[in-house]
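Note: the block below is data-v3.csv and it holds CSV, C-alpha atoms.
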chain,number,residue,atom,x,y,z
A,1,MET,CA,4.8,-1.0,-25.6
A,2,LEU,CA,7.9,0.6,-23.9
A,3,PRO,CA,9.6,-1.7,-21.4
A,4,HIS,CA,8.7,-1.1,-17.8
A,5,ASN,CA,11.0,0.6,-15.3
A,6,ALA,CA,10.4,1.7,-11.7
A,7,THR,CA,12.1,3.2,-8.8
A,8,ALA,CA,11.4,1.9,-5.3
A,9,VAL,CA,12.4,3.8,-2.2
A,10,ILE,CA,13.1,0.9,0.2
A,11,ALA,CA,14.6,2.8,3.2
A,12,ARG,CA,14.1,6.5,3.7
A,13,ASN,CA,15.6,8.5,6.5
A,14,GLU,CA,16.5,5.4,8.5
A,15,THR,CA,19.5,5.4,10.8
A,16,TRP,CA,21.4,2.1,10.6
A,17,GLU,CA,23.7,0.7,13.3
A,18,GLY,CA,24.9,-2.8,13.9
A,19,SER,CA,23.6,-5.5,11.5
A,20,ARG,CA,20.8,-4.1,9.4
A,21,ALA,CA,19.0,-5.0,6.2
A,22,SER,CA,16.4,-3.2,4.1
A,23,GLU,CA,12.9,-4.6,3.9
A,24,PRO,CA,12.4,-7.4,1.3
A,25,TYR,CA,11.5,-6.0,-2.1
A,26,GLU,CA,9.8,-8.3,-4.6
A,27,CYS,CA,10.7,-7.4,-8.2
A,28,GLY,CA,10.9,-10.5,-10.3
A,29,TRP,CA,9.3,-8.7,-13.2
A,30,ALA,CA,12.6,-6.8,-13.7
A,31,SER,CA,15.7,-8.2,-15.3
A,32,GLU,CA,18.2,-5.6,-14.0
A,33,ALA,CA,18.6,-3.4,-11.0
A,34,ILE,CA,20.8,-0.7,-9.6
A,35,VAL,CA,20.7,-0.1,-5.9
A,36,TYR,CA,21.8,3.3,-4.7
A,37,VAL,CA,22.6,4.4,-1.1
A,38,ARG,CA,22.7,8.1,-0.3
A,39,ALA,CA,23.9,9.4,3.1
A,40,LEU,CA,21.5,11.9,4.5
A,41,GLU,CA,23.9,13.0,7.2
A,42,THR,CA,27.7,12.7,7.6
A,43,PRO,CA,28.2,9.0,8.4
A,44,VAL,CA,30.1,8.0,11.5
A,45,LYS,CA,33.0,5.6,11.7
A,46,LEU,CA,32.1,3.5,8.7
A,47,GLY,CA,35.7,2.6,7.9
A,48,ALA,CA,35.9,0.2,5.0
A,49,THR,CA,32.5,-1.4,5.7
A,50,ARG,CA,30.9,-2.7,2.6
A,51,ALA,CA,27.2,-3.4,2.1
A,52,ARG,CA,26.0,-6.6,0.4
A,53,LEU,CA,23.2,-7.3,-2.0
A,54,GLN,CA,21.2,-10.4,-1.0
A,55,ILE,CA,18.7,-12.5,-2.8
A,56,SER,CA,16.0,-14.9,-1.6
A,57,PRO,CA,13.9,-17.8,-2.9
A,58,ASP,CA,10.9,-16.8,-0.8
A,59,GLY,CA,11.4,-13.3,0.7
A,60,ILE,CA,12.1,-14.8,4.1
A,61,ARG,CA,15.5,-16.6,3.8
A,62,TRP,CA,18.5,-14.7,2.4
A,63,VAL,CA,21.8,-15.4,0.9
A,64,ASP,CA,24.6,-13.1,-0.3
A,65,GLU,CA,24.5,-12.6,-4.0
A,66,GLY,CA,28.2,-11.7,-4.2
A,67,ALA,CA,27.8,-8.0,-5.0
A,68,LYS,CA,29.4,-5.7,-2.4
A,69,PHE,CA,29.8,-1.9,-2.4
A,70,LYS,CA,31.2,0.8,-0.1
A,71,LEU,CA,28.8,2.9,1.8
A,72,PRO,CA,28.9,6.7,1.0
A,73,ALA,CA,31.5,8.5,3.1
A,74,LYS,CA,30.0,12.0,3.1
A,75,LYS,CA,26.6,13.7,3.5
A,76,ASP,CA,24.7,13.5,0.2
A,77,ALA,CA,27.3,11.2,-1.4
A,78,LEU,CA,26.1,8.2,-3.3
A,79,SER,CA,27.3,4.7,-3.8
A,80,PHE,CA,25.7,1.9,-5.8
A,81,ALA,CA,25.8,-1.7,-7.0
A,82,ARG,CA,24.4,-3.3,-10.2
A,83,LEU,CA,22.6,-6.5,-10.2
A,84,ARG,CA,21.2,-8.9,-12.9
A,85,HIS,CA,19.7,-12.4,-12.7
A,86,PHE,CA,18.4,-12.0,-9.2
A,87,GLY,CA,15.2,-14.0,-9.2
A,88,ASN,CA,12.3,-12.4,-7.3
A,89,TRP,CA,13.6,-10.6,-4.2
A,90,ILE,CA,16.4,-8.1,-3.4
A,91,ARG,CA,17.6,-6.5,-0.2
A,92,VAL,CA,20.7,-4.6,1.0
A,93,ALA,CA,22.4,-5.9,4.1
A,94,VAL,CA,25.3,-4.5,6.1
A,95,ASP,CA,27.2,-5.3,9.3
A,96,LEU,CA,28.4,-2.0,10.7
A,97,PRO,CA,31.2,-2.1,13.3
A,98,LYS,CA,30.6,-0.9,16.8
A,99,GLY,CA,30.1,2.8,17.0
A,100,ALA,CA,29.4,3.2,13.2
A,101,ARG,CA,26.2,4.8,12.0
A,102,ILE,CA,24.6,6.0,8.8
A,103,LYS,CA,21.4,7.8,8.1
A,104,LEU,CA,20.4,6.8,4.6
A,105,LEU,CA,18.1,6.7,1.6
A,106,VAL,CA,18.2,3.4,-0.2
A,107,THR,CA,16.5,3.1,-3.7
A,108,ILE,CA,16.3,0.3,-6.2
A,109,HIS,CA,16.0,1.2,-9.9
A,110,LEU,CA,14.5,-1.6,-11.9
A,111,LYS,CA,14.1,-2.3,-15.6
A,112,ALA,CA,12.1,-5.1,-17.2
B,1,MET,CA,-26.3,2.7,-18.9
B,2,SER,CA,-27.4,1.3,-22.3
B,3,GLU,CA,-27.9,-2.4,-22.9
B,4,MET,CA,-25.2,-2.3,-25.5
B,5,LEU,CA,-22.6,-0.8,-23.2
B,6,ARG,CA,-23.5,-3.4,-20.5
B,7,ASP,CA,-23.2,-6.3,-23.0
B,8,LEU,CA,-19.9,-5.0,-24.4
B,9,ARG,CA,-18.4,-5.0,-21.0
B,10,LEU,CA,-19.8,-8.4,-20.1
B,11,ALA,CA,-18.2,-9.8,-23.3
B,12,ASP,CA,-14.8,-8.5,-22.2
B,13,PRO,CA,-13.3,-11.0,-19.8
B,14,SER,CA,-11.1,-8.4,-18.1
B,15,LEU,CA,-14.1,-6.1,-17.3
B,16,SER,CA,-16.9,-8.6,-16.9
B,17,ARG,CA,-15.9,-9.4,-13.3
B,18,PHE,CA,-16.7,-5.7,-12.5
B,19,ASP,CA,-19.9,-3.7,-12.5
B,20,PRO,CA,-18.7,-0.3,-13.5
B,21,MET,CA,-20.8,2.8,-13.7
B,22,ARG,CA,-21.2,4.5,-17.1
B,23,ARG,CA,-17.6,5.9,-17.4
B,24,ILE,CA,-14.5,4.0,-16.4
B,25,ILE,CA,-12.2,6.5,-14.9
B,26,CYS,CA,-9.3,4.0,-14.5
B,27,PHE,CA,-8.9,0.2,-14.8
B,28,ASP,CA,-5.8,-0.9,-13.2
B,29,ASP,CA,-4.6,-4.5,-13.9
B,30,PHE,CA,-1.3,-4.9,-12.3
B,31,ASP,CA,-0.1,-7.3,-15.1
B,32,ARG,CA,0.4,-3.9,-16.9
B,33,GLY,CA,2.6,-2.4,-14.2
B,34,PHE,CA,2.0,-0.2,-11.2
B,35,CYS,CA,-0.7,1.8,-13.0
B,36,GLY,CA,0.0,4.9,-10.9
B,37,TRP,CA,0.1,3.2,-7.5
B,38,THR,CA,2.9,4.4,-5.3
B,39,GLN,CA,3.7,4.7,-1.6
B,40,LEU,CA,2.0,7.2,0.7
B,41,VAL,CA,4.9,9.4,1.7
B,42,GLY,CA,4.3,11.7,4.7
B,43,ASN,CA,4.5,15.5,4.4
B,44,TYR,CA,7.7,17.3,5.4
B,45,GLU,CA,9.5,20.6,5.1
B,46,HIS,CA,13.3,21.3,5.1
B,47,ASN,CA,14.1,18.0,6.6
B,48,LEU,CA,12.7,14.5,6.5
B,49,ASP,CA,12.8,14.3,10.3
B,50,SER,CA,9.8,16.6,10.3
B,51,MET,CA,7.7,13.8,8.8
B,52,ASN,CA,5.1,12.3,11.2
B,53,PRO,CA,6.7,9.0,12.5
B,54,SER,CA,3.7,7.0,11.5
B,55,TYR,CA,4.4,7.9,7.9
B,56,GLN,CA,8.2,7.3,8.1
B,57,GLN,CA,7.5,3.5,8.2
B,58,HIS,CA,5.7,3.5,4.8
B,59,THR,CA,7.5,1.7,1.9
B,60,GLN,CA,7.0,1.2,-1.8
B,61,PRO,CA,4.2,-1.1,-3.0
B,62,GLN,CA,5.5,-4.1,-5.1
B,63,LEU,CA,4.4,-6.0,-8.1
B,64,SER,CA,4.0,-9.5,-6.7
B,65,SER,CA,3.6,-12.9,-8.2
B,66,VAL,CA,2.2,-14.0,-4.9
B,67,THR,CA,4.9,-16.6,-4.5
B,68,HIS,CA,5.4,-18.9,-1.5
B,69,TRP,CA,8.2,-21.1,-0.3
B,70,ASP,CA,6.1,-24.3,-0.3
B,71,ASN,CA,3.9,-24.1,-3.4
B,72,GLY,CA,5.6,-21.6,-5.7
B,73,THR,CA,3.9,-18.9,-7.6
B,74,HIS,CA,0.2,-18.4,-6.9
B,75,GLY,CA,-0.3,-15.5,-9.4
B,76,GLY,CA,-3.2,-13.1,-9.6
B,77,TRP,CA,-6.9,-13.5,-10.5
B,78,ASP,CA,-6.2,-13.9,-14.1
B,79,GLY,CA,-2.4,-13.2,-14.6
B,80,THR,CA,0.9,-13.2,-12.9
B,81,TYR,CA,1.0,-10.0,-10.9
B,82,ALA,CA,-0.9,-8.2,-8.1
B,83,LEU,CA,-0.1,-5.1,-6.2
B,84,LYS,CA,1.4,-5.9,-2.8
B,85,VAL,CA,1.3,-3.6,0.3
B,86,GLN,CA,3.7,-5.0,2.8
B,87,THR,CA,4.1,-3.8,6.4
B,88,ARG,CA,7.2,-4.0,8.5
B,89,PRO,CA,7.6,-6.9,10.9
B,90,ARG,CA,6.5,-5.1,14.0
B,91,LYS,CA,3.2,-5.3,15.8
B,92,GLY,CA,1.0,-2.3,14.9
B,93,SER,CA,3.1,-1.5,11.8
B,94,ARG,CA,1.2,-0.3,8.7
B,95,ASN,CA,1.8,0.5,5.1
B,96,VAL,CA,-0.3,2.4,2.5
B,97,ALA,CA,-0.3,2.5,-1.3
B,98,ILE,CA,-2.0,5.4,-3.0
B,99,LYS,CA,-3.2,6.6,-6.4
B,100,ARG,CA,-3.6,10.3,-6.8
B,101,LEU,CA,-6.2,11.7,-9.2
B,102,THR,CA,-8.6,14.7,-9.3
B,103,PHE,CA,-12.3,14.6,-10.3
B,104,ARG,CA,-14.0,16.5,-13.1
B,105,LYS,CA,-17.7,15.7,-12.2
B,106,PRO,CA,-19.0,15.8,-8.7
B,107,GLY,CA,-21.4,12.8,-8.6
B,108,PRO,CA,-21.6,9.1,-7.9
B,109,ILE,CA,-18.4,7.1,-8.3
B,110,ARG,CA,-17.7,3.4,-7.7
B,111,LEU,CA,-14.5,1.7,-6.6
B,112,GLU,CA,-14.2,-2.0,-7.3
B,113,PHE,CA,-11.3,-4.2,-6.6
B,114,TYR,CA,-10.2,-7.8,-5.9
B,115,PHE,CA,-8.1,-8.3,-2.8
B,116,THR,CA,-6.6,-10.9,-0.4
B,117,PHE,CA,-4.3,-10.8,2.5
B,118,LYS,CA,-1.9,-13.1,4.3
B,119,PRO,CA,0.9,-12.8,6.8
B,120,GLU,CA,4.5,-13.6,5.8
B,121,ALA,CA,4.6,-17.4,5.9
B,122,ASN,CA,7.5,-17.8,8.2
B,123,GLU,CA,5.8,-20.2,10.6
B,124,LEU,CA,4.2,-23.6,9.9
B,125,ARG,CA,0.9,-22.7,11.4
B,126,LEU,CA,-2.3,-21.2,10.1
B,127,SER,CA,-1.5,-17.6,11.3
B,128,GLU,CA,-5.1,-16.4,10.7
B,129,THR,CA,-4.9,-13.8,13.5
B,130,ASP,CA,-1.6,-12.3,12.6
B,131,ILE,CA,-3.0,-9.5,10.3
B,132,ARG,CA,-4.8,-6.8,12.2
B,133,SER,CA,-6.6,-5.2,9.3
B,134,VAL,CA,-6.7,-4.4,5.6
B,135,GLY,CA,-8.7,-1.6,4.2
B,136,PHE,CA,-9.1,1.3,1.8
B,137,LEU,CA,-9.9,5.0,1.8
B,138,TYR,CA,-10.6,8.0,-0.3
B,139,ASP,CA,-9.0,11.4,0.3
B,140,LEU,CA,-11.3,14.0,-1.4
B,141,GLN,CA,-11.7,17.7,-1.4
B,142,ASP,CA,-14.6,19.9,-2.5
B,143,PRO,CA,-13.9,22.1,-5.6
B,144,HIS,CA,-14.8,25.4,-3.9
B,145,GLU,CA,-13.6,27.7,-1.1
B,146,GLY,CA,-15.5,27.1,2.1
B,147,GLY,CA,-15.8,23.4,1.2
B,148,HIS,CA,-14.4,20.4,3.0
B,149,ARG,CA,-11.7,17.8,2.8
B,150,VAL,CA,-13.5,14.4,3.2
B,151,MET,CA,-11.9,11.1,3.9
B,152,PRO,CA,-14.1,8.0,4.0
B,153,HIS,CA,-12.2,5.0,5.5
B,154,LEU,CA,-13.3,1.4,5.7
B,155,ARG,CA,-11.2,-1.5,7.1
B,156,PHE,CA,-11.7,-5.2,7.7
B,157,LEU,CA,-10.6,-5.6,11.3
B,158,ASN,CA,-9.4,-9.2,11.0
B,159,ALA,CA,-7.8,-9.8,14.4
B,160,VAL,CA,-6.8,-8.1,17.7
B,161,ASP,CA,-4.4,-9.6,20.2
B,162,GLY,CA,-5.0,-13.1,18.8
B,163,LYS,CA,-8.8,-12.8,18.6
B,164,HIS,CA,-10.3,-13.4,15.2
B,165,VAL,CA,-12.6,-10.4,15.1
B,166,GLN,CA,-13.6,-10.3,11.4
B,167,LYS,CA,-15.7,-7.2,11.1
B,168,TRP,CA,-15.9,-4.0,9.0
B,169,GLN,CA,-15.2,-0.6,10.6
B,170,PHE,CA,-15.2,3.0,9.6
B,171,LYS,CA,-13.6,6.2,10.9
B,172,ARG,CA,-14.8,9.8,11.5
B,173,VAL,CA,-11.8,11.2,13.4
B,174,THR,CA,-8.2,12.0,12.6
B,175,THR,CA,-5.4,13.4,14.8
B,176,ASP,CA,-4.8,17.1,15.4
B,177,VAL,CA,-3.6,18.9,12.3
B,178,ARG,CA,0.0,20.0,13.0
B,179,PRO,CA,1.9,22.6,11.0
B,180,LEU,CA,5.3,21.6,9.5
B,181,GLY,CA,8.4,23.7,8.9
B,182,THR,CA,8.6,27.4,8.8
B,183,GLU,CA,6.8,28.5,5.6
B,184,GLY,CA,3.3,28.1,6.7
B,185,LYS,CA,2.3,26.0,3.7
B,186,THR,CA,2.4,22.4,4.9
B,187,VAL,CA,0.6,20.5,7.6
B,188,THR,CA,0.3,16.9,8.7
B,189,HIS,CA,-2.2,14.7,10.5
B,190,ASP,CA,-2.5,10.9,10.8
B,191,HIS,CA,-5.9,9.9,9.6
B,192,LEU,CA,-4.9,6.2,9.9
B,193,ALA,CA,-4.0,6.5,13.6
B,194,PRO,CA,-5.2,3.4,15.5
B,195,ASP,CA,-7.8,5.2,17.6
B,196,GLY,CA,-11.3,6.2,16.6
B,197,TRP,CA,-12.4,3.2,14.5
B,198,GLU,CA,-16.1,2.4,14.9
B,199,ASP,CA,-18.0,-0.8,14.0
B,200,LEU,CA,-20.1,-0.7,10.8
B,201,PRO,CA,-23.6,-1.7,11.8
B,202,GLY,CA,-24.1,-5.3,10.9
B,203,GLY,CA,-20.5,-5.4,9.7
B,204,GLN,CA,-19.5,-8.9,10.8
B,205,GLN,CA,-18.3,-11.0,7.9
B,206,LYS,CA,-16.4,-14.2,7.7
B,207,LEU,CA,-14.0,-14.2,4.7
B,208,CYS,CA,-12.5,-17.3,3.1
B,209,TYR,CA,-9.0,-17.6,4.5
B,210,ASN,CA,-8.1,-21.2,3.5
B,211,GLU,CA,-6.2,-23.7,5.5
B,212,ILE,CA,-2.5,-22.8,5.5
B,213,PRO,CA,-0.8,-19.4,5.4
B,214,THR,CA,0.2,-19.9,1.7
B,215,LYS,CA,-3.2,-20.6,0.1
B,216,VAL,CA,-5.0,-17.4,-0.9
B,217,ASN,CA,-8.5,-16.7,-2.2
B,218,TRP,CA,-9.5,-13.5,-3.9
B,219,HIS,CA,-12.3,-11.3,-2.6
B,220,TYR,CA,-14.5,-8.8,-4.4
B,221,ALA,CA,-15.2,-5.3,-3.0
B,222,ARG,CA,-17.4,-2.5,-4.3
B,223,PHE,CA,-17.6,0.9,-2.7
B,224,ASP,CA,-20.2,3.5,-3.9
B,225,PHE,CA,-19.7,7.2,-3.0
B,226,ASP,CA,-21.4,10.5,-4.0
B,227,LEU,CA,-18.9,13.3,-4.7
B,228,ALA,CA,-21.7,15.8,-4.9
B,229,ALA,CA,-23.1,15.1,-1.4
B,230,MET,CA,-19.7,13.8,-0.2
B,231,ARG,CA,-21.5,10.8,1.4
B,232,MET,CA,-20.8,7.1,1.4
B,233,LEU,CA,-23.6,5.1,-0.2
B,234,GLU,CA,-23.1,1.4,-0.2
B,235,PHE,CA,-20.4,-1.2,0.3
B,236,GLN,CA,-20.3,-4.8,-1.0
B,237,CYS,CA,-17.8,-7.5,-0.1
B,238,ASN,CA,-18.3,-10.8,-1.9
B,239,ASP,CA,-22.0,-11.8,-1.1
B,240,ARG,CA,-22.6,-9.2,1.5
B,241,VAL,CA,-24.0,-5.7,0.9
B,242,PHE,CA,-23.8,-2.9,3.6
B,243,ASP,CA,-25.8,0.3,3.6
B,244,LEU,CA,-23.4,3.1,4.4
B,245,ALA,CA,-26.0,5.9,4.6
B,246,PRO,CA,-26.0,5.9,8.4
B,247,ILE,CA,-22.3,6.4,8.7
B,248,GLY,CA,-19.9,9.3,7.9
B,249,PRO,CA,-16.4,10.0,6.8
B,250,ILE,CA,-13.6,12.1,8.3
B,251,VAL,CA,-14.5,15.7,7.5
B,252,MET,CA,-12.3,18.8,8.0
B,253,PRO,CA,-12.0,22.3,6.5
B,254,ALA,CA,-10.8,22.4,2.9
B,255,MET,CA,-7.0,22.8,2.5
B,256,ARG,CA,-5.2,25.3,0.3
B,257,ASN,CA,-3.8,22.9,-2.3
B,258,LEU,CA,-6.2,20.1,-2.6
B,259,TRP,CA,-9.1,21.2,-4.8
B,260,CYS,CA,-11.0,18.4,-6.5
B,261,MET,CA,-8.6,15.9,-5.1
B,262,LEU,CA,-9.5,12.2,-5.7
B,263,ASN,CA,-7.0,9.9,-4.0
B,264,ILE,CA,-7.5,6.2,-3.4
B,265,ALA,CA,-5.5,4.3,-0.9
B,266,PHE,CA,-5.1,0.7,0.3
B,267,PHE,CA,-3.7,0.0,3.7
B,268,ALA,CA,-2.7,-2.9,5.9
B,269,GLU,CA,-1.8,-3.3,9.5
B,270,THR,CA,-0.1,-6.2,11.3
B,271,ASP,CA,-1.0,-7.4,14.7
B,272,VAL,CA,2.2,-9.3,15.4
B,273,ASP,CA,5.9,-9.0,14.8
B,274,LYS,CA,5.5,-10.3,11.3
B,275,ARG,CA,4.9,-8.6,7.9
B,276,ALA,CA,1.3,-8.3,6.7
B,277,LEU,CA,0.9,-8.8,3.0
B,278,TYR,CA,-2.1,-7.2,1.3
B,279,TYR,CA,-2.6,-8.0,-2.3
B,280,ILE,CA,-4.8,-6.1,-4.8
B,281,ASP,CA,-5.3,-8.0,-8.1
B,282,SER,CA,-7.1,-5.2,-10.0
B,283,VAL,CA,-9.0,-2.0,-9.5
B,284,CYS,CA,-11.8,-0.4,-11.5
B,285,LEU,CA,-12.9,3.2,-10.7
B,286,SER,CA,-16.0,4.4,-12.5
B,287,GLY,CA,-18.3,7.3,-12.4
B,288,GLU,CA,-21.9,8.1,-13.4
B,289,PHE,CA,-21.2,10.8,-16.0

As structure tokens, how would this structure be written, given the file I've shared?
Amino acid sequence: MLPHNATAVIARNETWEGSRASEPYECGWASEAIVYVRALETPVKLGATRARLQISPDGIRWVDEGAKFKLPAKKDALSFARLRHFGNWIRVAVDLPKGARIKLLVTIHLKA
Amino acid sequence: MSEMLRDLRLADPSLSRFDPMRRIICFDDFDRGFCGWTQLVGNYEHNLDSMNPSYQQHTQPQLSSVTHWDNGTHGGWDGTYALKVQTRPRKGSRNVAIKRLTFRKPGPIRLEFYFTFKPEANELRLSETDIRSVGFLYDLQDPHEGGHRVMPHLRFLNAVDGKHVQKWQFKRVTTDVRPLGTEGKTVTHDHLAPDGWEDLPGGQQKLCYNEIPTKVNWHYARFDFDLAAMRMLEFQCNDRVFDLAPIGPIVMPAMRNLWCMLNIAFFAETDVDKRALYYIDSVCLSGEF
């Protein structure tokens, strides 16, 4: 049987300001993930803000995994981060500075 | 159904917990992956902002090992994974997973599945009234012009405002159908809007919930429907059997793109600012043809 892969849209057309995180996504069946962020409108005042991938033992409590990546600077631009050995849950977290805003699409691409 | 067919299925451990009609249309064991189950995305045209806000909140279903902070992995009925439908942590939030098929024979069909539900276990208390409801629906359409789009809905209303209600309900109304965009091809309506639920006669049922928020027990459900008459027939949950002949589904004029549609959906709603988790272990859809 071919190995499983799946794409999960975990934030669609959401406008993020301040400290935000995507909803917990359980995917312990997968051994690798790429997380993409696409800006649906021109982002505002992002500066050098970097998003963080977080992992969790229970889907409730979260720690930074260590992977960080810049958010896309233009409408329809993409940014991404790769992740392996993440256990059972993944989410994307970011602390945006005051006045910063991004409307985004966040997707996780998973392979067994 | 022949005795041989019945005996063959009873001898198969994966199927013997179901009572399928003659032909199995699909058998979804989530140890094999998502099996065609995805999120119910709302309709839109030109811009995602045109999507009905109640659909904006929907997210992807997950393959879950039903794992908890205090006792580890619970697993499914007979393997590791179940399909998980997870709401956002806001009172009244809902989420919907859907499988999209079409039918080839208008006649009796049977949906069977094993399910359970729990709130996110982020408090050290029973939390039995945190989930508002879990349920399922079909989204169907007649094969011919002049026919109807028909949407039978059933939900287990677990709790409302802290009261442990525990009864089955059905729905015959949706919201107004609203056109989207500028091309005159797409519309939207919210058939899962909170208003319009009615009590199923005799529909009180106490389901095993267990004693802390991280112990789960699986429940059996069977829903019989006639695609020829577009009528609900019978519903079973565990030991209880409910006659559905007296009740009706949501009915509206047929839509231009949905002929022979056979969609199945599972949905959950939370009654507090905490995620509702609705687990489906396996699904068997069968038909009498």

Using all atoms listed in the file and a cut-off of 7 Å, which residues of chain B sit close to chain A? Please list them as a PDB file with C-alpha atoms, keeping the file's coordinate frame.
ATOM      1  CA  LEU B  48      12.700  14.500   6.500  1.00  0.00           C
ATOM      2  CA  THR B  59       7.500   1.700   1.900  1.00  0.00           C
ATOM      3  CA  GLN B  60       7.000   1.200  -1.800  1.00  0.00           C
ATOM      4  CA  GLN B  62       5.500  -4.100  -5.100  1.00  0.00           C
ATOM      5  CA  LEU B  63       4.400  -6.000  -8.100  1.00  0.00           C
ATOM      6  CA  SER B  64       4.000  -9.500  -6.700  1.00  0.00           C
ATOM      7  CA  HIS B  68       5.400 -18.900  -1.500  1.00  0.00           C
ATOM      8  CA  TRP B  69       8.200 -21.100  -0.300  1.00  0.00           C
ATOM      9  CA  ASN B 122       7.500 -17.800   8.200  1.00  0.00           C
TER      10      ASN B 122
END

Task: Gap from CA of Lys111 in chain A to CA of Thr214 in chain B - Å, one decimal - done: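 Computing it gives 28.3 Å between the two atoms.
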
Open item on the list: Using Å and a single decimal, report how far CA of Lys274 in chain B sits from CA of Lys215 in chain B.
Closed with: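 We find that CA of Lys215 in chain B and CA of Lys274 in chain B lie 17.5 Å from each other.
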
Task: Test item: residues at most 8 Å from range 89-102 of chain B, all atoms listed in the file, excluding those fewer than 4 positions along its chain, as a ChimeraX atom specification - done: /B:36-40,57-61,85,132,259-276

With C-alpha atoms retained, could you export that selection as a PDB file, in the coordinates of the input?
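Just written: out.pdb:
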ATOM      1  CA  GLY B  36       0.000   4.900 -10.900  1.00  0.00           C
ATOM      2  CA  TRP B  37       0.100   3.200  -7.500  1.00  0.00           C
ATOM      3  CA  THR B  38       2.900   4.400  -5.300  1.00  0.00           C
ATOM      4  CA  GLN B  39       3.700   4.700  -1.600  1.00  0.00           C
ATOM      5  CA  LEU B  40       2.000   7.200   0.700  1.00  0.00           C
ATOM      6  CA  GLN B  57       7.500   3.500   8.200  1.00  0.00           C
ATOM      7  CA  HIS B  58       5.700   3.500   4.800  1.00  0.00           C
ATOM      8  CA  THR B  59       7.500   1.700   1.900  1.00  0.00           C
ATOM      9  CA  GLN B  60       7.000   1.200  -1.800  1.00  0.00           C
ATOM     10  CA  PRO B  61       4.200  -1.100  -3.000  1.00  0.00           C
ATOM     11  CA  VAL B  85       1.300  -3.600   0.300  1.00  0.00           C
ATOM     12  CA  ARG B 132      -4.800  -6.800  12.200  1.00  0.00           C
ATOM     13  CA  TRP B 259      -9.100  21.200  -4.800  1.00  0.00           C
ATOM     14  CA  CYS B 260     -11.000  18.400  -6.500  1.00  0.00           C
ATOM     15  CA  MET B 261      -8.600  15.900  -5.100  1.00  0.00           C
ATOM     16  CA  LEU B 262      -9.500  12.200  -5.700  1.00  0.00           C
ATOM     17  CA  ASN B 263      -7.000   9.900  -4.000  1.00  0.00           C
ATOM     18  CA  ILE B 264      -7.500   6.200  -3.400  1.00  0.00           C
ATOM     19  CA  ALA B 265      -5.500   4.300  -0.900  1.00  0.00           C
ATOM     20  CA  PHE B 266      -5.100   0.700   0.300  1.00  0.00           C
ATOM     21  CA  PHE B 267      -3.700   0.000   3.700  1.00  0.00           C
ATOM     22  CA  ALA B 268      -2.700  -2.900   5.900  1.00  0.00           C
ATOM     23  CA  GLU B 269      -1.800  -3.300   9.500  1.00  0.00           C
ATOM     24  CA  THR B 270      -0.100  -6.200  11.300  1.00  0.00           C
ATOM     25  CA  ASP B 271      -1.000  -7.400  14.700  1.00  0.00           C
ATOM     26  CA  VAL B 272       2.200  -9.300  15.400  1.00  0.00           C
ATOM     27  CA  ASP B 273       5.900  -9.000  14.800  1.00  0.00           C
ATOM     28  CA  LYS B 274       5.500 -10.300  11.300  1.00  0.00           C
ATOM     29  CA  ARG B 275       4.900  -8.600   7.900  1.00  0.00           C
ATOM     30  CA  ALA B 276       1.300  -8.300   6.700  1.00  0.00           C
TER      31      ALA B 276
END

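Considering the residues A:Leu53, A:Ile90, A:Ala73, A:Val35 and counting all atoms listed in the file, Leu105 in chain A has its shortest atom-to-atom contact with A:Val35.
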
Task: Two-atom distance - CA of Asn257 in chain B, CA of Gly107 in chain B (Å) - done: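 Straight-line distance from CA of Asn257 in chain B to CA of Gly107 in chain B works out to 21.2 Å.
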